[in-house]
Amino acid sequence: MVANIEAYSQLNLPRGSQQATVSQRIGITDVYVKYSRPSVNKREVWGKLVPFGMNNLGFGTATESPWRAGANENTIVKFTNDVIVEGKALKAGKYGLHMIIHDNDKATVIFSKNNTAWGSYFYKPSEDALRVDVAMKPTSHVEQLAFDFTDVKANSAILSLKWEKKQIPVKIEVDVTNEVLANIRKQLEGQAGFNRQSWEQAANYSLNNGGDLQEALGWIDNAISGQFYSQKNFRNVSIKAQIMNKMGKSDAYGKLMDEAASLASTPQLNQLGYAMISAKDYTRAIKYLKMNVDNNPESANAYDSLGEAYKVAGDKKNAIKYLKKSLSMNPPANVKANSEKLLKELGVSI
C-alpha cells in the first residue's frame with residue numbers, strides 16, 4: 001500500500017544564518033528587531049552578494065526587489081509607540097525592514113506594512129509605510145551581520161546594521177514626554193488611579209518634564225483631598241508648591257512650602273532646606289533648617305546643615321557658629337568632614 005501524505009511540516013533544524021533579536025527602550029518605547037545573520041564567508045558583499053539598487057530576484061511576485069536586510073524571512077522591526085525615523089514620523093507597529101543599497105555609500109531604508117513575507121520576493125512599493133535615506137559608514141570587520149543600538153540617549157538611539165566593513169545607521173527618536181504623559185493618563189483611568197502615590201508621581205513628572213501645569217495641578221489636588229485615597233502630606237504639598245512657583249504664583253508657593261515644612265519628617269525637613277539652597281531661596285532654607293535644629297537639638301547634622309545654609313547666604317558669623325556647634329557634638333564621620341571642609345573655606349583653622 002502506498003501512503004497518502006496530505007500535509008507536510010517543516011522541521012525545526014539549525015540554520016546557516018542564525019536568527020537573532022535585539023531590543024532597546026527609549027523612554028517608555030520599546031524597539032525590537034528580529035533578523036537572520038548571514039556570514040561574510042570570504043565573499044564580496046556590497047555590490048555583489050548584496051547588489052546595488054532594486055533587482056529581479058527570479059522568484060516571487062516582485063519584479064524589482066530591495067535587499068531584505070538579513071537572510072531568510074522578513075527582517076522585522078517593531079515599535080511599541082509612535083517614533084520619528086530620520087526626522088520622519090512613523091506610527092507604532094510591526095514592519096518588514098528592507099534596504100536599497102546604492103553605489104555611492106548611500107542606502108534607502110524601507111519600512112513595509114507587510115511584515116510576514118519571506119524576504120523581499122513579494123515586495124510591493126504600495127505597502128511602504130516609510131522610506132528614509134541614510135549614509136553608510138565604515139566599520140571594523142563584522143563577520144556575521146548584526147543589528148545593534150548605539151548613542152542611546154533619553155529620547156533617541158541609533159539603530160545600525162553592521163556587516164563586513166560597512167554600517168547603516170538609522171536615527172530613531174521618541175517624543176518621550178508626550179508619550180509618557182499619554183501613558184500616565186491611561187494608567188490613571190485604571191487600577192493606578194485608585195492610589196494616591198500615582199497622582200503624586202503623575203504631577204511630579206509633568207512638573208519636571210514640561211507638561212501642562214494646569215493638568216499637573218489637578219492631579220496633585222486629587223492626591224491631597226477629595227478622594228477616598230487622598231491624604232495631605234509633605235510630598236504632595238511640596239509638589240503643589242513647586243507647581244505654583246512655576247506658574248508664577250509666588251504667594252501661594254510660599255504658603256504651601258511653609259505648610260509642607262510643617263508636615264515634614266526630620267529627613268524631609270533637611271531635604272527641603274537643601275532644596276531651598278539649590279533654589280537660592282536662602283531665607284526659607286535658613287527658616288526650615290532652624291526648625292530642624294529646634295526639633296532635633298541633639299543632632300550634629302542639623303547644626304551642620306544650618307551652618308551650610310548661612311554660609312551660602314553670606315552670613316559668615318552664623319555659619320561659623322553652627323558649624324563649630326556641629327563639631328562639638330562628636331558628629332558622624334561624614335558630617336564632621338563636611339563641617340571641617342566648610343570652616344576651612346571660611347578661613348577658620350581646625
# chains A, B, ... in the order shown; residues from 1 in each chain; ligands from 1

call {"tool": "residues_around", "arguments": {"residues": "range 185-192 of chain A", "least_positions_apart": "6", "cutoff": "10 Å", "atoms": "only C-alpha atoms", "output": "PDB file with all heavy atoms, in the first residue's frame"}}
result
ATOM      1  N   SER A 198       0.156  57.414  42.807  1.00  0.00           N
ATOM      2  CA  SER A 198       0.119  57.518  41.346  1.00  0.00           C
ATOM      3  C   SER A 198      -0.125  58.961  40.915  1.00  0.00           C
ATOM      4  O   SER A 198       0.509  59.464  39.975  1.00  0.00           O
ATOM      5  CB  SER A 198      -0.976  56.619  40.771  1.00  0.00           C
ATOM      6  OG  SER A 198      -0.726  55.266  41.053  1.00  0.00           O
ATOM      7  N   TRP A 199      -1.034  59.636  41.578  1.00  0.00           N
ATOM      8  CA  TRP A 199      -1.341  61.024  41.247  1.00  0.00           C
ATOM      9  C   TRP A 199      -0.162  61.928  41.598  1.00  0.00           C
ATOM     10  O   TRP A 199       0.128  62.895  40.868  1.00  0.00           O
ATOM     11  CB  TRP A 199      -2.607  61.458  41.981  1.00  0.00           C
ATOM     12  CG  TRP A 199      -3.809  60.680  41.538  1.00  0.00           C
ATOM     13  CD1 TRP A 199      -4.292  59.527  42.109  1.00  0.00           C
ATOM     14  CD2 TRP A 199      -4.659  60.956  40.425  1.00  0.00           C
ATOM     15  NE1 TRP A 199      -5.392  59.065  41.414  1.00  0.00           N
ATOM     16  CE2 TRP A 199      -5.648  59.928  40.379  1.00  0.00           C
ATOM     17  CE3 TRP A 199      -4.699  61.964  39.476  1.00  0.00           C
ATOM     18  CZ2 TRP A 199      -6.650  59.899  39.412  1.00  0.00           C
ATOM     19  CZ3 TRP A 199      -5.701  61.939  38.510  1.00  0.00           C
ATOM     20  CH2 TRP A 199      -6.654  60.911  38.482  1.00  0.00           C
ATOM     21  N   ALA A 202       2.436  61.335  38.858  1.00  0.00           N
ATOM     22  CA  ALA A 202       1.996  61.947  37.605  1.00  0.00           C
ATOM     23  C   ALA A 202       2.242  63.455  37.624  1.00  0.00           C
ATOM     24  O   ALA A 202       2.793  64.024  36.672  1.00  0.00           O
ATOM     25  CB  ALA A 202       0.515  61.652  37.379  1.00  0.00           C
ATOM     26  N   TRP A 219      -3.973  66.974  39.050  1.00  0.00           N
ATOM     27  CA  TRP A 219      -3.514  65.667  39.535  1.00  0.00           C
ATOM     28  C   TRP A 219      -3.078  65.735  40.994  1.00  0.00           C
ATOM     29  O   TRP A 219      -3.431  64.863  41.793  1.00  0.00           O
ATOM     30  CB  TRP A 219      -2.365  65.173  38.655  1.00  0.00           C
ATOM     31  CG  TRP A 219      -2.802  64.697  37.291  1.00  0.00           C
ATOM     32  CD1 TRP A 219      -4.079  64.386  36.902  1.00  0.00           C
ATOM     33  CD2 TRP A 219      -1.977  64.476  36.147  1.00  0.00           C
ATOM     34  NE1 TRP A 219      -4.094  63.987  35.589  1.00  0.00           N
ATOM     35  CE2 TRP A 219      -2.822  64.016  35.093  1.00  0.00           C
ATOM     36  CE3 TRP A 219      -0.609  64.609  35.896  1.00  0.00           C
ATOM     37  CZ2 TRP A 219      -2.342  63.696  33.829  1.00  0.00           C
ATOM     38  CZ3 TRP A 219      -0.126  64.293  34.632  1.00  0.00           C
ATOM     39  CH2 TRP A 219      -0.982  63.843  33.615  1.00  0.00           C
TER      40      TRP A 219
END

call {"tool": "residues_around", "arguments": {"residues": "Asn295 in chain A", "least_positions_apart": "2", "cutoff": "12 Å", "atoms": "only C-alpha atoms", "output": "VMD selection string"}}
result
chain A and resid 261 to 262 264 to 267 269 to 270 288 to 293 297 to 299 302 to 303

call {"tool": "write_last_selection", "arguments": {"atoms": "N, CA, C and O atoms", "output": "tab-separated table (two decimals), in the first residue's frame"}}
result
chain	number	residue	atom	x	y	z
A	261	ALA	N	6.64	72.21	55.11
A	261	ALA	CA	7.64	72.13	56.19
A	261	ALA	C	7.00	71.67	57.49
A	261	ALA	O	7.59	70.89	58.25
A	262	SER	N	5.78	72.12	57.74
A	262	SER	CA	5.09	71.72	58.98
A	262	SER	C	4.70	70.25	58.99
A	262	SER	O	4.46	69.66	60.04
A	264	ALA	N	6.68	67.91	57.46
A	264	ALA	CA	7.87	67.14	57.11
A	264	ALA	C	8.43	66.36	58.29
A	264	ALA	O	8.39	66.81	59.44
A	265	SER	N	8.99	65.19	57.97
A	265	SER	CA	9.79	64.43	58.94
A	265	SER	C	11.16	65.09	59.03
A	265	SER	O	11.48	66.00	58.26
A	266	THR	N	11.98	64.62	59.96
A	266	THR	CA	13.32	65.20	60.10
A	266	THR	C	14.13	65.12	58.81
A	266	THR	O	14.67	66.13	58.35
A	267	PRO	N	14.23	63.95	58.16
A	267	PRO	CA	14.99	63.90	56.89
A	267	PRO	C	14.36	64.77	55.81
A	267	PRO	O	15.07	65.38	55.01
A	269	LEU	N	12.61	67.55	56.22
A	269	LEU	CA	12.86	68.96	56.52
A	269	LEU	C	14.28	69.34	56.12
A	269	LEU	O	14.52	70.43	55.57
A	270	ASN	N	15.22	68.45	56.38
A	270	ASN	CA	16.60	68.69	55.96
A	270	ASN	C	16.70	68.75	54.44
A	270	ASN	O	17.36	69.63	53.87
A	288	TYR	N	13.73	76.79	57.46
A	288	TYR	CA	13.39	75.38	57.61
A	288	TYR	C	14.47	74.63	58.37
A	288	TYR	O	14.18	73.72	59.17
A	289	LEU	N	15.73	74.98	58.13
A	289	LEU	CA	16.81	74.29	58.83
A	289	LEU	C	16.90	74.72	60.29
A	289	LEU	O	17.35	73.94	61.15
A	290	LYS	N	16.46	75.91	60.62
A	290	LYS	CA	16.32	76.31	62.02
A	290	LYS	C	15.25	75.46	62.70
A	290	LYS	O	15.40	75.05	63.85
A	291	MET	N	14.14	75.23	61.97
A	291	MET	CA	13.09	74.36	62.51
A	291	MET	C	13.65	72.99	62.82
A	291	MET	O	13.32	72.37	63.83
A	292	ASN	N	14.54	72.51	61.94
A	292	ASN	CA	15.14	71.18	62.14
A	292	ASN	C	16.02	71.17	63.39
A	292	ASN	O	16.05	70.18	64.14
A	293	VAL	N	16.75	72.26	63.62
A	293	VAL	CA	17.58	72.35	64.83
A	293	VAL	C	16.68	72.38	66.07
A	293	VAL	O	16.95	71.70	67.07
A	297	PRO	N	17.60	69.15	68.72
A	297	PRO	CA	18.72	69.88	69.32
A	297	PRO	C	19.95	69.03	69.61
A	297	PRO	O	21.02	69.57	69.88
A	298	GLU	N	19.80	67.72	69.53
A	298	GLU	CA	20.94	66.84	69.79
A	298	GLU	C	21.56	66.32	68.50
A	298	GLU	O	22.41	65.43	68.52
A	299	SER	N	21.13	66.84	67.35
A	299	SER	CA	21.60	66.35	66.06
A	299	SER	C	22.72	67.23	65.51
A	299	SER	O	22.49	68.39	65.15
A	302	ALA	N	21.92	68.45	61.99
A	302	ALA	CA	21.02	69.59	61.88
A	302	ALA	C	21.80	70.90	61.96
A	302	ALA	O	21.55	71.84	61.19
A	303	TYR	N	22.77	70.99	62.88
A	303	TYR	CA	23.60	72.18	63.00
A	303	TYR	C	24.51	72.37	61.78
A	303	TYR	O	24.72	73.48	61.31

call {"tool": "closest_residue", "arguments": {"among": "A:Val174, A:Ile277, A:Val33, A:Ala252", "to": "Lys78 in chain A", "atoms": "only C-alpha atoms"}}
result
A:Val33

call {"tool": "residues_around", "arguments": {"residues": "Phe59 in chain A", "least_positions_apart": "3", "cutoff": "9 Å", "atoms": "only C-alpha atoms", "output": "ChimeraX atom specification"}}
result
/A:56,62-63,121-122

call {"tool": "write_last_selection", "arguments": {"atoms": "N, CA and C atoms", "output": "compact mmCIF listing (two decimals), in the first residue's frame"}}
result
# COMPACT_ATOMS: atom_id res chain seq x y z
N ASN A 56 15.62 42.08 -9.81
CA ASN A 56 14.69 40.96 -10.01
C ASN A 56 15.36 39.71 -9.46
N ALA A 62 7.47 39.98 -7.07
CA ALA A 62 8.11 41.28 -7.29
C ALA A 62 9.06 41.22 -8.47
N THR A 63 8.95 42.17 -9.36
CA THR A 63 9.91 42.26 -10.47
C THR A 63 11.12 43.10 -10.08
N TYR A 121 10.93 38.87 -1.76
CA TYR A 121 10.49 38.31 -3.04
C TYR A 121 9.08 38.80 -3.42
N PHE A 122 8.32 39.25 -2.43
CA PHE A 122 6.94 39.67 -2.69
C PHE A 122 6.75 41.15 -2.36

call {"tool": "closest_residue", "arguments": {"among": "A:Phe52, A:Trp46, A:Tyr95, A:Trp163", "to": "Val31 in chain A", "atoms": "only C-alpha atoms"}}
result
A:Tyr95

call {"tool": "select_by_dssp", "arguments": {"residues": "range 84-165 of chain A", "states": "strand (DSSP E or B)", "output": "PyMOL selection string"}}
result
chain A and resi 84-85+88-90+93-101+106-112+128-135+137-150+156-165

call {"tool": "closest_residue", "arguments": {"among": "A:Gln197, A:Gln167, A:Asn296, A:Gln271", "to": "Lys232 in chain A", "atoms": "only C-alpha atoms"}}
result
A:Gln197

call {"tool": "atom_distance", "arguments": {"atom1": "CA of Val132 in chain A", "atom2": "CA of Asn209 in chain A"}}
result
29.9 Å

call {"tool": "closest_residue", "arguments": {"among": "A:Val176, A:Ile110, A:Leu263, A:Ile76", "to": "Phe147 in chain A", "atoms": "only C-alpha atoms"}}
result
A:Ile76

call {"tool": "residues_around", "arguments": {"residues": "Thr61 in chain A", "least_positions_apart": "6", "cutoff": "12 Å", "atoms": "only C-alpha atoms", "output": "ChimeraX atom specification"}}
result
/A:117-124

call {"tool": "closest_residue", "arguments": {"among": "A:Ile224, A:Ala203, A:Leu272, A:Leu97", "to": "Glu127 in chain A", "atoms": "only C-alpha atoms"}}
result
A:Leu97

call {"tool": "select_by_dssp", "arguments": {"residues": "range 105-319 of chain A", "states": "helix (DSSP H, G or I)", "output": "PyMOL selection string"}}
result
chain A and resi 125-127+176-188+191-194+196-208+213-224+234-246+250-263+266-278+282-295+300-313+316-319

call {"tool": "residues_around", "arguments": {"residues": "Tyr310 in chain A", "least_positions_apart": "2", "cutoff": "9 Å", "atoms": "only C-alpha atoms", "output": "mmCIF file with N, CA, C and O atoms, in the first residue's frame"}}
result
data_model
loop_
_atom_site.group_PDB
_atom_site.id
_atom_site.type_symbol
_atom_site.label_atom_id
_atom_site.label_comp_id
_atom_site.auth_asym_id
_atom_site.auth_seq_id
_atom_site.Cartn_x
_atom_site.Cartn_y
_atom_site.Cartn_z
ATOM 1 N N TYR A 282 17.464 81.489 50.132
ATOM 2 C CA TYR A 282 18.216 81.295 51.372
ATOM 3 C C TYR A 282 17.403 81.622 52.614
ATOM 4 O O TYR A 282 17.607 81.010 53.669
ATOM 5 N N ALA A 285 15.481 78.540 53.283
ATOM 6 C CA ALA A 285 16.423 77.480 53.656
ATOM 7 C C ALA A 285 16.794 77.601 55.129
ATOM 8 O O ALA A 285 16.746 76.619 55.892
ATOM 9 N N ILE A 286 17.156 78.807 55.549
ATOM 10 C CA ILE A 286 17.536 79.028 56.949
ATOM 11 C C ILE A 286 16.338 78.799 57.862
ATOM 12 O O ILE A 286 16.462 78.177 58.934
ATOM 13 N N SER A 305 23.885 71.392 58.702
ATOM 14 C CA SER A 305 23.064 71.852 57.573
ATOM 15 C C SER A 305 22.728 73.332 57.707
ATOM 16 O O SER A 305 22.785 74.085 56.722
ATOM 17 N N LEU A 306 22.385 73.760 58.942
ATOM 18 C CA LEU A 306 22.061 75.165 59.157
ATOM 19 C C LEU A 306 23.290 76.044 58.922
ATOM 20 O O LEU A 306 23.199 77.116 58.310
ATOM 21 N N GLY A 307 24.439 75.569 59.390
ATOM 22 C CA GLY A 307 25.673 76.316 59.145
ATOM 23 C C GLY A 307 25.974 76.457 57.668
ATOM 24 O O GLY A 307 26.407 77.528 57.206
ATOM 25 N N GLU A 308 25.727 75.409 56.907
ATOM 26 C CA GLU A 308 25.948 75.473 55.463
ATOM 27 C C GLU A 308 25.013 76.471 54.799
ATOM 28 O O GLU A 308 25.406 77.212 53.886
ATOM 29 N N VAL A 312 26.235 79.777 52.517
ATOM 30 C CA VAL A 312 25.887 80.113 51.139
ATOM 31 C C VAL A 312 25.089 81.413 51.079
ATOM 32 O O VAL A 312 25.089 82.104 50.052
ATOM 33 N N ALA A 313 24.426 81.770 52.201
ATOM 34 C CA ALA A 313 23.676 83.025 52.249
ATOM 35 C C ALA A 313 24.588 84.221 52.512
ATOM 36 O O ALA A 313 24.145 85.372 52.436
ATOM 37 N N GLY A 314 25.856 83.943 52.834
ATOM 38 C CA GLY A 314 26.817 85.019 53.057
ATOM 39 C C GLY A 314 26.904 85.509 54.490
ATOM 40 O O GLY A 314 27.540 86.540 54.761
ATOM 41 N N ASP A 315 26.288 84.775 55.425
ATOM 42 C CA ASP A 315 26.339 85.139 56.846
ATOM 43 C C ASP A 315 27.464 84.336 57.507
ATOM 44 O O ASP A 315 27.234 83.265 58.068
ATOM 45 N N LYS A 316 28.692 84.856 57.425
ATOM 46 C CA LYS A 316 29.866 84.130 57.908
ATOM 47 C C LYS A 316 29.808 83.863 59.409
ATOM 48 O O LYS A 316 30.145 82.769 59.872
ATOM 49 N N LYS A 317 29.367 84.856 60.171
ATOM 50 C CA LYS A 317 29.343 84.734 61.632
ATOM 51 C C LYS A 317 28.473 83.562 62.083
ATOM 52 O O LYS A 317 28.909 82.707 62.865
ATOM 53 N N ASN A 318 27.232 83.501 61.589
ATOM 54 C CA ASN A 318 26.338 82.412 61.982
ATOM 55 C C ASN A 318 26.775 81.077 61.386
ATOM 56 O O ASN A 318 26.576 80.022 62.001
ATOM 57 N N ALA A 319 27.370 81.118 60.194
ATOM 58 C CA ALA A 319 27.870 79.883 59.593
ATOM 59 C C ALA A 319 28.917 79.247 60.501
ATOM 60 O O ALA A 319 28.870 78.049 60.809
ATOM 61 N N ILE A 320 29.894 80.055 60.955
ATOM 62 C CA ILE A 320 30.956 79.541 61.838
ATOM 63 C C ILE A 320 30.354 79.040 63.144
ATOM 64 O O ILE A 320 30.723 77.975 63.658
ATOM 65 N N TYR A 322 27.369 77.753 63.878
ATOM 66 C CA TYR A 322 26.648 76.475 63.824
ATOM 67 C C TYR A 322 27.536 75.325 63.353
ATOM 68 O O TYR A 322 27.340 74.178 63.770
#

call {"tool": "closest_residue", "arguments": {"among": "A:Thr75, A:Asn208, A:Asn81, A:Gln144", "to": "Ser112 in chain A", "atoms": "only C-alpha atoms"}}
result
A:Thr75

call {"tool": "atom_distance", "arguments": {"atom1": "CA of Ser39 in chain A", "atom2": "CA of Leu57 in chain A"}}
result
19.9 Å

call {"tool": "atom_distance", "arguments": {"atom1": "CA of Gln19 in chain A", "atom2": "CA of Pro38 in chain A"}}
result
9.3 Å

call {"tool": "residues_around", "arguments": {"residues": "Val83 in chain A", "least_positions_apart": "6", "cutoff": "10 Å", "atoms": "only C-alpha atoms", "output": "list in words"}}
result
Ile26, Thr29, Val31, Ala89, Leu90, Lys91, Ala92, Gly93, Ser156, Ile172, Glu173, Val174, Asp175, Val176 and Glu179 of chain A

call {"tool": "write_last_selection", "arguments": {"atoms": "N, CA and C atoms", "output": "PDB file, in the first residue's frame"}}
result
ATOM      1  N   ILE A  26      13.568  53.291  24.613  1.00  0.00           N
ATOM      2  CA  ILE A  26      13.813  54.732  24.540  1.00  0.00           C
ATOM      3  C   ILE A  26      12.646  55.392  25.268  1.00  0.00           C
ATOM      4  N   THR A  29       9.246  53.594  25.161  1.00  0.00           N
ATOM      5  CA  THR A  29       9.014  52.956  23.862  1.00  0.00           C
ATOM      6  C   THR A  29      10.042  51.864  23.636  1.00  0.00           C
ATOM      7  N   VAL A  31      11.847  49.185  21.116  1.00  0.00           N
ATOM      8  CA  VAL A  31      12.149  48.935  19.707  1.00  0.00           C
ATOM      9  C   VAL A  31      12.767  47.539  19.615  1.00  0.00           C
ATOM     10  N   ALA A  89       7.944  60.939  10.699  1.00  0.00           N
ATOM     11  CA  ALA A  89       7.058  60.248  11.639  1.00  0.00           C
ATOM     12  C   ALA A  89       6.713  58.845  11.144  1.00  0.00           C
ATOM     13  N   LEU A  90       6.667  57.908  12.097  1.00  0.00           N
ATOM     14  CA  LEU A  90       6.263  56.528  11.798  1.00  0.00           C
ATOM     15  C   LEU A  90       5.405  56.028  12.956  1.00  0.00           C
ATOM     16  N   LYS A  91       4.235  55.482  12.638  1.00  0.00           N
ATOM     17  CA  LYS A  91       3.305  55.020  13.647  1.00  0.00           C
ATOM     18  C   LYS A  91       3.821  53.764  14.357  1.00  0.00           C
ATOM     19  N   ALA A  92       3.356  53.578  15.575  1.00  0.00           N
ATOM     20  CA  ALA A  92       3.658  52.346  16.299  1.00  0.00           C
ATOM     21  C   ALA A  92       3.189  51.148  15.480  1.00  0.00           C
ATOM     22  N   GLY A  93       3.945  50.044  15.555  1.00  0.00           N
ATOM     23  CA  GLY A  93       3.551  48.853  14.817  1.00  0.00           C
ATOM     24  C   GLY A  93       4.736  47.980  14.454  1.00  0.00           C
ATOM     25  N   SER A 156      16.403  59.260  22.195  1.00  0.00           N
ATOM     26  CA  SER A 156      16.801  58.786  20.870  1.00  0.00           C
ATOM     27  C   SER A 156      17.848  57.688  20.968  1.00  0.00           C
ATOM     28  N   ILE A 172      16.564  56.934  15.489  1.00  0.00           N
ATOM     29  CA  ILE A 172      15.186  56.769  15.945  1.00  0.00           C
ATOM     30  C   ILE A 172      14.971  57.695  17.139  1.00  0.00           C
ATOM     31  N   GLU A 173      13.972  58.543  17.052  1.00  0.00           N
ATOM     32  CA  GLU A 173      13.655  59.476  18.133  1.00  0.00           C
ATOM     33  C   GLU A 173      12.241  59.225  18.644  1.00  0.00           C
ATOM     34  N   VAL A 174      12.041  59.576  19.903  1.00  0.00           N
ATOM     35  CA  VAL A 174      10.735  59.408  20.535  1.00  0.00           C
ATOM     36  C   VAL A 174      10.379  60.695  21.263  1.00  0.00           C
ATOM     37  N   ASP A 175       9.138  61.129  21.130  1.00  0.00           N
ATOM     38  CA  ASP A 175       8.643  62.270  21.903  1.00  0.00           C
ATOM     39  C   ASP A 175       8.307  61.740  23.292  1.00  0.00           C
ATOM     40  N   VAL A 176       9.349  61.578  24.108  1.00  0.00           N
ATOM     41  CA  VAL A 176       9.216  60.848  25.369  1.00  0.00           C
ATOM     42  C   VAL A 176       8.199  61.494  26.299  1.00  0.00           C
ATOM     43  N   GLU A 179       4.648  60.940  25.119  1.00  0.00           N
ATOM     44  CA  GLU A 179       4.317  59.508  25.210  1.00  0.00           C
ATOM     45  C   GLU A 179       4.066  59.112  26.657  1.00  0.00           C
TER      46      GLU A 179
END

call {"tool": "residues_around", "arguments": {"residues": "Ser349 in chain A", "least_positions_apart": "6", "cutoff": "12 Å", "atoms": "only C-alpha atoms", "output": "VMD selection string"}}
result
chain A and resid 320 324 339 to 343
